[in-house]
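Below is one structure, written out as structure tokens; the observations come after it.
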Amino acid sequence: MSGARSLMVALEKEGTNIVFGLPGGANLPIYDELYKSNIRHILVRHEQSASHMADGYGRVSRRPGVCFATSGPGATNIVTGIATAQADSSPMIAVTGQVPTKMIGKDAFQESDILGITNPIVKYAFQPMSAAEIPEVVKKAFYISSTGRPGPVLIDIPKDVQQNEVEMVFPSEVKIRGYHPWVDPDIKEIERAIDMLLTSERPIILAGGGVIISGAFAELQSIAELLMIPVVTTFKGKGSFPENHPLSLGPIGMHGHAEANKMMVEADCVLACGSRFSDRSVGTFEEFEKHLKIIHMDVDPAEIGKNQTTNVAVVGDVKTSLRIMVKMLIQKAMKRSGDNPWLKHVNETKEYFRQNLKLHPHPLGAAKVLRKLREVLPPQSIVTTEVGQHQMWASLFFDVIHPGTFFSSTGLGTMGWGFPAAIGAKAARPDVPVLDIAGEGSFNMTENSLAVSVLDNLPVIVFLMNNFSLGMVAQWQRTFYDRRMIGIDLKDCPDYVKIAEAYGAQGIRAETIEDVGKAVQTALKSNVATVIDIPIDPQEDVLPFVAPGTSLKDMILPS
Amino acid sequence: MWSIISVLVENKPGVLFKITNLFRAKNYNIDSISVGVTENPEFSKMTITTAAEEKQLNQIIKQLDKLIDTVEVKLLDEKKSIYRELVLMKIKVNKPSDIMEITDLANAFKCNVHDVRKSSIIVEITATPDRIDAFEDLIRGYGILEIARTGICALERGYRDES
């Protein structure tokens, strides 16, 4: 069996039934075997989109998405996608072609040292130098990518290794000496955590992306309800807890909800689940250390103490740790009444900001547009975002009701991620509507995936909040650079309705709030991709705003 | 103050690159690094010294541990380890009597003397870094022409099942 054939067999054994990619000289043997296999191929227009599609597929299905690219430029084109997956702990397998082994290091045509280039941004990388290694490499790649803290794994296969015919052995399991993703949480630490939560006066739960990755939604909700603790999330953890739940305060951070930031600052004990205390979430760290007892649960031991000193650390899968915690609470009949001064204060604060926070007066203000979207979009729909103002408005004004239905490039902040990721999500969940909350600056970067969405029958909705500029940069120039506006004006170009139509998709311009609602309903009924172009106000800022390098308590509110 | 980290790694291409690239990417500093195959050819042992403060040192160890190609990462306790560095020094010979003086100093430090010439002499010293520094101080007056250091290599004393 050839190396390329064994790759297909191994992928099928791992349950892969779809790959996103683009062929080229150095991966043609792989494509020739793809032709003969049952795996569905989605032909992209640029390899970066293939990696984002695999990423979106992986986040939604919680199994590695697979993308293919050829050597050289094909491989370097997926670098951004790999870095995005790594920053957000997303399971992904990238298979690249490489020049034949004899040509490596000779600066051959379309040769790039992709192992060297991607080293800091992969969880692991393989370069099988003989065909016989491929079955084990694939098995190990899936194991590494999907266990512990998930991440991208690269398999770089020289062309002659794809072509060589050898006897293949497909291992049923693999062991890796230096890799131990399963850590049993320390029961004593969980007991200490419970004590700390019960003895604190102003506890809060900070739910991060780890809750979504491990699918610990029910466990998280049980703990919040048993102990009546309000829940804030990081942006990556948005939607790990139903945002219409009475205990939900929404995301904290640079553009967090006012009530979430305020309560985070006032809390005396935080249970941080699968969160890494990123600068965008917590502002300056020193403010946290002063008065706050921190319980940190994470599957990655290296996260404990990386950004934040903790009082109690529970290393292990967040779902497992939380489940043990729930069990202990139930066994010992430990509960906490919601009738306490802290929760009363939390609810009053929440109510205050809901009543008093000024919203942008424009008829197509971000809050109005996104609340209209929430009204008409079924709650089980999957939502992705691009990166920029629209993303932060989504964080503020679009409530996630069904846990684990909201995905964004939160760590790397990759513009152009949301649309291809939505297509990948649609491939994983064809049964639910998938919508990308987009800005035109980001959509511009990967809009050629409209061809994929149309031709491969993966219809998604692009909810384009068009302010004709790179809005977030514009906001920073208005706020920090004395309104010296440069490099932000995208003008009214292109016409996104025509762009959609040119690709055979549906384009709708929505110029009133009623139009927005109707357009989403039309898109939901359509079996073809729809771009809804919504001309919003270029002058609207995202508020509240915690300026970089400051603390959550210094949050700037709309005036 | 520097610390000694002993890292057992898979003996395969690219692993040294991954380790040093980790230090670079995280903005940690390597003071010295020595690498060699162990008694089991499947593994290599790296001895890394770094002048990190405690919090950063903890992170370095965790990040090294997180690498899939590292099998064991240990922070060595100086008091419970043997650690040595080998240094070759080319020293200037200014006048004939220097040869005798340098050789005497070298003997006092249990060094080997090589390549004695009219104008230079090479001394090989294997010792702890502070002893090497002391020797270097004494010899500096003659003029050090070149130095090559191996970096520290270290082993814990005793056997793990003991005590």
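Ordering of the structure tokens sets the chain letters (A, B, ...); residue numbers start at 1 within each chain; ligands are numbered from 1 in the order shown.
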
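Distance criterion 7 Å to chain B, applied with only C-alpha atoms, yields A:Arg177, A:Gly178, A:Tyr179, A:Pro301, A:Ala302, A:Lys306 on chain A.
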
Task: In region 33-114 of chain B, DSSP alpha helix (DSSP H) residues written as a list in words - done: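 Written out, the alpha helix (DSSP H) residues of region 33-114 of chain B are Glu54, Lys55, Gln56, Leu57, Asn58, Gln59, Ile60, Ile61, Lys62, Gln63, Leu64, Asp65, Lys66, Pro96, Ser97, Asp98, Ile99, Met100, Glu101, Ile102, Thr103, Asp104, Leu105, Ala106, Asn107 and Ala108 of chain B.
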
Open item on the list: Can you tell me which residues surround His291 (chain A) at a distance of at most 10 Å, considering only C-alpha atoms, apart from same-chain residues fewer than 2 positions away, and format the answer as JSON, numbers by chain?
Closed with: {"A": [265, 266, 267, 268, 269, 286, 287, 288, 289, 293, 294]}

TODO: Could you check how far CA of Thr80 (chain A) sits from CA of Val473 (chain A), in Å to one decimal?
DONE: 20.4 Å

Task: Selection: 7 Å around Phe277 (chain A), only C-alpha atoms, excl. self and same-chain fewer than 5 positions, as a PyMOL selection string - done: chain A and resi 282+307-308

Open item on the list: Please list as a PyMOL selection string every residue within 9 Å of region 141-145 of chain B, counting only C-alpha atoms and excluding residues in the same chain fewer than 3 positions away.
Closed with: chain B and resi 89-94+98+102+120+136-138

Using the selection just defined, write its residues with C-alpha atoms as a short mmCIF file (atom, residue, chain, number, x, y, z; two decimals), in the first residue's frame.
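Okay, selection.cif is ready:
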data_model
loop_
_atom_site.label_atom_id
_atom_site.label_comp_id
_atom_site.auth_asym_id
_atom_site.auth_seq_id
_atom_site.Cartn_x
_atom_site.Cartn_y
_atom_site.Cartn_z
CA MET B 89 41.71 28.31 27.65
CA LYS B 90 44.44 29.50 25.33
CA ILE B 91 46.80 31.63 27.43
CA LYS B 92 49.45 34.02 26.17
CA VAL B 93 53.08 33.22 26.95
CA ASN B 94 54.89 36.55 27.27
CA ASP B 98 55.38 32.15 32.15
CA ILE B 102 51.00 28.77 34.29
CA SER B 120 50.81 30.30 23.92
CA GLU B 136 40.27 32.53 35.18
CA ASP B 137 40.88 35.43 37.62
CA LEU B 138 44.38 34.13 38.44
#

Task: Shell around Thr385 (chain A) at 8 Å using only C-alpha atoms, local window under 5 positions removed, as number ranges by chain - done: A: 390-391, 394, 407-409, 417-419, 436-438

Limited to N, CA and C atoms, could you put the picked residues into a file as a short mmCIF file (atom, residue, chain, number, x, y, z; two decimals), in the first residue's frame?
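Listing of result-v6.cif after writing:
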data_model
loop_
_atom_site.label_atom_id
_atom_site.label_comp_id
_atom_site.auth_asym_id
_atom_site.auth_seq_id
_atom_site.Cartn_x
_atom_site.Cartn_y
_atom_site.Cartn_z
N HIS A 390 -17.62 44.56 15.49
CA HIS A 390 -18.82 43.72 15.45
C HIS A 390 -18.69 42.54 16.43
N GLN A 391 -17.45 42.05 16.58
CA GLN A 391 -17.18 40.91 17.46
C GLN A 391 -17.44 41.30 18.91
N ALA A 394 -21.04 41.80 19.47
CA ALA A 394 -21.68 40.49 19.64
C ALA A 394 -21.51 40.03 21.08
N PHE A 407 -18.75 30.78 18.65
CA PHE A 407 -17.32 30.56 18.42
C PHE A 407 -16.69 31.79 17.76
N SER A 408 -15.48 32.10 18.22
CA SER A 408 -14.82 33.29 17.70
C SER A 408 -13.31 33.10 17.79
N SER A 409 -12.58 33.81 16.97
CA SER A 409 -11.12 33.79 17.11
C SER A 409 -10.76 34.76 18.22
N TRP A 417 -11.59 34.90 9.90
CA TRP A 417 -11.78 33.55 10.44
C TRP A 417 -13.24 33.12 10.38
N GLY A 418 -14.13 34.04 10.73
CA GLY A 418 -15.53 33.68 11.00
C GLY A 418 -16.26 33.02 9.86
N PHE A 419 -16.06 33.52 8.63
CA PHE A 419 -16.83 33.00 7.50
C PHE A 419 -16.41 31.57 7.14
N ASP A 436 -22.53 33.88 10.58
CA ASP A 436 -21.28 34.58 10.89
C ASP A 436 -21.61 36.05 11.12
N ILE A 437 -21.41 36.51 12.38
CA ILE A 437 -21.54 37.95 12.64
C ILE A 437 -20.24 38.58 12.16
N ALA A 438 -20.35 39.43 11.13
CA ALA A 438 -19.14 39.87 10.44
C ALA A 438 -19.04 41.38 10.37
#

Just want the 7 Å neighbourhood of Val231 (chain A), counted on only C-alpha atoms, with same-chain residues fewer than 4 positions away dropped. Output as a CSV table (one decimal) with C-alpha atoms, in the first residue's frame.
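File produced: selection.csv:
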chain,number,residue,atom,x,y,z
A,204,ILE,CA,-18.0,34.5,41.5
A,205,ILE,CA,-17.5,31.9,38.8
A,206,LEU,CA,-15.3,32.8,35.9
A,247,LEU,CA,-27.1,34.1,37.5
A,248,SER,CA,-25.5,35.1,34.3
A,249,LEU,CA,-23.6,38.4,34.1

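Between Val315 (chain A) and the candidates A:Leu198, A:Ala193, A:Val183, A:Val153, the tightest atom-to-atom separation, counting only C-alpha atoms, involves A:Val183.
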
TODO: Provide the CA of Ser61 (chain A) to CA of Asp399 (chain A) distance in Å, to one decimal place.
DONE: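 The value is 21.6 Å.
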
TODO: Work out how far apart CA of Phe43 (chain B) and CA of Leu16 (chain B) are and give it in Å to one decimal.
DONE: 12.1 Å

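Of the residues under consideration (A:Asp156, A:Glu201, A:Glu243, A:Glu165), A:Asp156 shows the shortest atom-to-atom contact distance to Glu111 (chain A) when counting only C-alpha atoms.
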
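Shortest separation to Gly210 (chain A) among A:Gly404, A:Pro379, A:Pro363, A:Gly441 occurs at residue A:Gly404, atoms counted being only C-alpha atoms.
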
Task: Residue among B:Ala51, B:Ile19, B:Ala134, B:Val35 lying closest to Trp2 (chain B), counting only C-alpha atoms - done: B:Ala51

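In this comparison, which uses only C-alpha atoms, the residue of A:Leu464, A:Ile499, A:Ala4, A:Ala519 approaching Asp160 (chain A) most closely is A:Ala4.
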